[in-house]
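Student: Let me begin by handing over the structure; questions about it come next.
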Amino acid sequence: MVKTFTLFANSKMAKKPLVKRIKEVISSAHKPSKGGNKKSFKTIRFVDDLIGMKHFCDYMDLDLIKEEDLIDGPSYLFCLHPHGVLGYSHYANFMSTYSKFYSLFPKISLRTCTINLNFKVPFARESFVLRGFISADKESINFSLNKKNNDASKINAVAIVIGGAKESELAIPNRNTLVLKNRKGFVKIAIQNGSSLVPVYSFQENNLYKQIENKTIKKIQNLFQKYTTFRPVLVYGRFGTLIPFRTKIVTVVGKPIKVAKNPNPTEEEINKYHKQYILGVREIFDKYKDLYAKDRTEDLIII
């Protein structure tokens, strides 16, 4: 099998554009924990067009705002909030060639984390790998923050949704609850790599779906999470389907919090930067809530 693929990879057919992209899929399946596939704009655009990403981004009615240029690194850890049901705004803003991200942050070489379960689903796995996704684990994040770029002017960055499965359960329209109070692993990774922490908040992400809740569903959710680390939620969108409600979502990329590098950070250091980070998230929310969360039923709650 290996010999056959090697012969194919060196053939004239393999050099044709479409075949070349398919070859990348086959040869990249092992890369999620090693910084993802070598990121090529053409390859990612190819996959984006294949899955209709432009239409998806147009439908979502997104806007991306930056508060400060990110140009001095040495690396950045983008921390995305809230998780929402499926994190659609994060998917469109940080994982698509049709996003404003590339024009707003031209110096950033970005990798985005996703749960390992996504790399175990045929076809979905290949799509994630080709588009430069990485596993949401320490090994892969460290690798991506420290990898060498062909373009020396580029600055490494990783985007990760902090709240995870627990927060998806709290994705209720017009509410703003984050699971963050005791989540400090991302801060430790930032300190170990000397990476600046960048708080990111997507206003109205929780308004894309409405949830159906009862005791039986909660038991099934707990069981599913126990064996897969993924916690499904039962939701509905437009016309009672899984099509999300069309809602204006504004994502604000906040000011970076500079972190002093220490391979062996103390608990005191971790708590110090974690406190600063929470203040950064609150600053974004309080500054923009009356513009982009006018119908909120509560202000920001951190649990």
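Residue numbering restarts at 1 in every chain; chains get A, B, ... in the order shown in the structure tokens, and ligands count up from 1 in that same order.
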Can you tell me which residues surround A:Pro173 at a distance of at most 8 Å, considering only C-alpha atoms, apart from same-chain residues fewer than 6 positions away, and format the answer as a list of chain:residue names?
Tutor: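 The residues satisfying every condition are A:Gln204, A:Asn206, A:Asn207, A:Leu208, A:Tyr209, A:Lys210.
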Student: Those residues you just picked out, can you put them in a file as a PDB file, in the first residue's frame with N, CA and C atoms?
Tutor:
```pdb
ATOM      1  N   GLN A 204     -23.587  37.482  20.821  1.00  0.00           N
ATOM      2  CA  GLN A 204     -24.752  36.835  20.203  1.00  0.00           C
ATOM      3  C   GLN A 204     -24.484  35.410  19.717  1.00  0.00           C
ATOM      4  N   ASN A 206     -24.531  32.830  21.447  1.00  0.00           N
ATOM      5  CA  ASN A 206     -25.500  31.978  22.135  1.00  0.00           C
ATOM      6  C   ASN A 206     -26.920  32.099  21.583  1.00  0.00           C
ATOM      7  N   ASN A 207     -27.124  33.013  20.648  1.00  0.00           N
ATOM      8  CA  ASN A 207     -28.469  33.235  20.105  1.00  0.00           C
ATOM      9  C   ASN A 207     -28.734  32.465  18.816  1.00  0.00           C
ATOM     10  N   LEU A 208     -27.799  31.637  18.392  1.00  0.00           N
ATOM     11  CA  LEU A 208     -27.960  30.919  17.126  1.00  0.00           C
ATOM     12  C   LEU A 208     -28.942  29.753  17.235  1.00  0.00           C
ATOM     13  N   TYR A 209     -29.108  29.214  18.436  1.00  0.00           N
ATOM     14  CA  TYR A 209     -30.017  28.087  18.644  1.00  0.00           C
ATOM     15  C   TYR A 209     -30.786  28.262  19.952  1.00  0.00           C
ATOM     16  N   LYS A 210     -31.903  27.548  20.047  1.00  0.00           N
ATOM     17  CA  LYS A 210     -32.628  27.414  21.295  1.00  0.00           C
ATOM     18  C   LYS A 210     -32.521  25.959  21.734  1.00  0.00           C
TER      19      LYS A 210
END
```
Student: Please return, as a list in words, all residues of stretch 164-249 of chain A that DSSP assigns to alpha helix (DSSP H) on the basis of the backbone.
Tutor: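 Answer for stretch 164-249 of chain A restricted to alpha helix (DSSP H) is Gly164, Ala165, Lys166, Glu167, Ser168, Gly185, Phe186, Val187, Lys188, Ile189, Ala190, Ile191, Gln192, Asn193, Lys215, Thr216, Ile217, Lys218, Lys219, Ile220, Gln221, Asn222, Leu223, Phe224, Gln225, Lys226, Tyr227 and Thr228 of chain A.
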Student: Keeping C-alpha atoms for every residue in the selection just given, could you write it to a file as a PDB file, in the first residue's frame?
Tutor:
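This is the output file out_7.pdb:
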```pdb
ATOM      1  CA  GLY A 164     -15.522  23.472  26.032  1.00  0.00           C
ATOM      2  CA  ALA A 165     -18.450  21.051  26.238  1.00  0.00           C
ATOM      3  CA  LYS A 166     -19.618  22.295  29.627  1.00  0.00           C
ATOM      4  CA  GLU A 167     -20.145  25.782  28.251  1.00  0.00           C
ATOM      5  CA  SER A 168     -22.167  24.560  25.261  1.00  0.00           C
ATOM      6  CA  GLY A 185      -4.469  25.120  31.897  1.00  0.00           C
ATOM      7  CA  PHE A 186      -4.369  27.540  28.967  1.00  0.00           C
ATOM      8  CA  VAL A 187      -2.695  30.141  31.175  1.00  0.00           C
ATOM      9  CA  LYS A 188      -0.015  27.643  32.190  1.00  0.00           C
ATOM     10  CA  ILE A 189       0.682  26.812  28.527  1.00  0.00           C
ATOM     11  CA  ALA A 190       0.948  30.532  27.719  1.00  0.00           C
ATOM     12  CA  ILE A 191       3.484  31.074  30.512  1.00  0.00           C
ATOM     13  CA  GLN A 192       5.547  28.034  29.494  1.00  0.00           C
ATOM     14  CA  ASN A 193       5.791  29.398  25.940  1.00  0.00           C
ATOM     15  CA  LYS A 215     -33.980  15.192  32.857  1.00  0.00           C
ATOM     16  CA  THR A 216     -33.746  12.351  30.326  1.00  0.00           C
ATOM     17  CA  ILE A 217     -31.786  14.462  27.870  1.00  0.00           C
ATOM     18  CA  LYS A 218     -29.409  15.523  30.650  1.00  0.00           C
ATOM     19  CA  LYS A 219     -28.708  11.863  31.552  1.00  0.00           C
ATOM     20  CA  ILE A 220     -27.911  11.059  27.907  1.00  0.00           C
ATOM     21  CA  GLN A 221     -25.635  14.112  27.710  1.00  0.00           C
ATOM     22  CA  ASN A 222     -23.709  13.036  30.809  1.00  0.00           C
ATOM     23  CA  LEU A 223     -23.295   9.495  29.477  1.00  0.00           C
ATOM     24  CA  PHE A 224     -22.132  10.705  26.074  1.00  0.00           C
ATOM     25  CA  GLN A 225     -19.601  13.090  27.599  1.00  0.00           C
ATOM     26  CA  LYS A 226     -18.230  10.366  29.867  1.00  0.00           C
ATOM     27  CA  TYR A 227     -17.192   8.174  26.929  1.00  0.00           C
ATOM     28  CA  THR A 228     -16.410  10.751  24.200  1.00  0.00           C
TER      29      THR A 228
END
```
Student: DSSP says strand (DSSP E or B) for which residues of stretch 63-225 of chain A? Put them as a VMD selection string?
Tutor: chain A and resid 63 to 66 75 to 81 108 to 114 133 to 135 155 to 161 177 to 178 196 to 203 210 to 211
Student: Could you give me, as a tab-separated table, every stretch 128-167 of chain A residue with an atom at most 10 Å from stretch 92-101 of chain A, plus its closest atom pair and distance in Å to one decimal, counting only C-alpha atoms, rows ordered by chain then number?
Tutor:
```
residue	atom	partner	partner_atom	distance
A:Phe128	CA	A:Met95	CA	9.4
A:Arg131	CA	A:Met95	CA	7.5
A:Gly132	CA	A:Met95	CA	8.4
A:Phe133	CA	A:Met95	CA	8.1
A:Val158	CA	A:Phe94	CA	9.8
A:Ala159	CA	A:Phe94	CA	7.5
A:Ile160	CA	A:Phe94	CA	9.8
```
Student: Write to file, as a PDB file, in the first residue's frame, the residues of the selection just made, with N, CA and C atoms.
Tutor:
```
ATOM      1  N   PHE A 128     -10.644  18.775   8.338  1.00  0.00           N
ATOM      2  CA  PHE A 128     -10.013  19.487   9.448  1.00  0.00           C
ATOM      3  C   PHE A 128      -8.497  19.538   9.288  1.00  0.00           C
ATOM      4  N   ARG A 131      -7.180  21.884   6.511  1.00  0.00           N
ATOM      5  CA  ARG A 131      -7.350  23.300   6.791  1.00  0.00           C
ATOM      6  C   ARG A 131      -6.503  23.757   7.980  1.00  0.00           C
ATOM      7  N   GLY A 132      -5.580  22.898   8.420  1.00  0.00           N
ATOM      8  CA  GLY A 132      -4.614  23.315   9.428  1.00  0.00           C
ATOM      9  C   GLY A 132      -5.075  23.222  10.859  1.00  0.00           C
ATOM     10  N   PHE A 133      -6.168  22.506  11.125  1.00  0.00           N
ATOM     11  CA  PHE A 133      -6.616  22.328  12.503  1.00  0.00           C
ATOM     12  C   PHE A 133      -5.617  21.457  13.270  1.00  0.00           C
ATOM     13  N   VAL A 158      -2.147  30.322  18.231  1.00  0.00           N
ATOM     14  CA  VAL A 158      -3.095  29.217  18.339  1.00  0.00           C
ATOM     15  C   VAL A 158      -4.399  29.774  18.890  1.00  0.00           C
ATOM     16  N   ALA A 159      -5.522  29.332  18.318  1.00  0.00           N
ATOM     17  CA  ALA A 159      -6.841  29.729  18.815  1.00  0.00           C
ATOM     18  C   ALA A 159      -7.503  28.527  19.473  1.00  0.00           C
ATOM     19  N   ILE A 160      -8.070  28.736  20.645  1.00  0.00           N
ATOM     20  CA  ILE A 160      -8.722  27.648  21.374  1.00  0.00           C
ATOM     21  C   ILE A 160      -9.963  28.167  22.081  1.00  0.00           C
TER      22      ILE A 160
END
```
Student: Rounded to one decimal in Å, what is the spacing between atom CA of A:His81 and atom CA of A:Lys120?
Tutor: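 Between atom CA of A:His81 and atom CA of A:Lys120 the gap is 25.1 Å.
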Student: So, with only C-alpha atoms as the atoms that count, which of A:Ile134, A:Ile51, A:Leu170, A:Val121 lies closest to A:Gln211?
Tutor: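 Result for the nearest residue to A:Gln211: A:Leu170.
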Student: Which residues come within 12 Å of A:Pro244, counting only C-alpha atoms, excluding same-chain residues fewer than 2 positions away, as a ChimeraX atom specification?
Tutor: /A:56,59-61,84-89,204-211,235-242,246-248
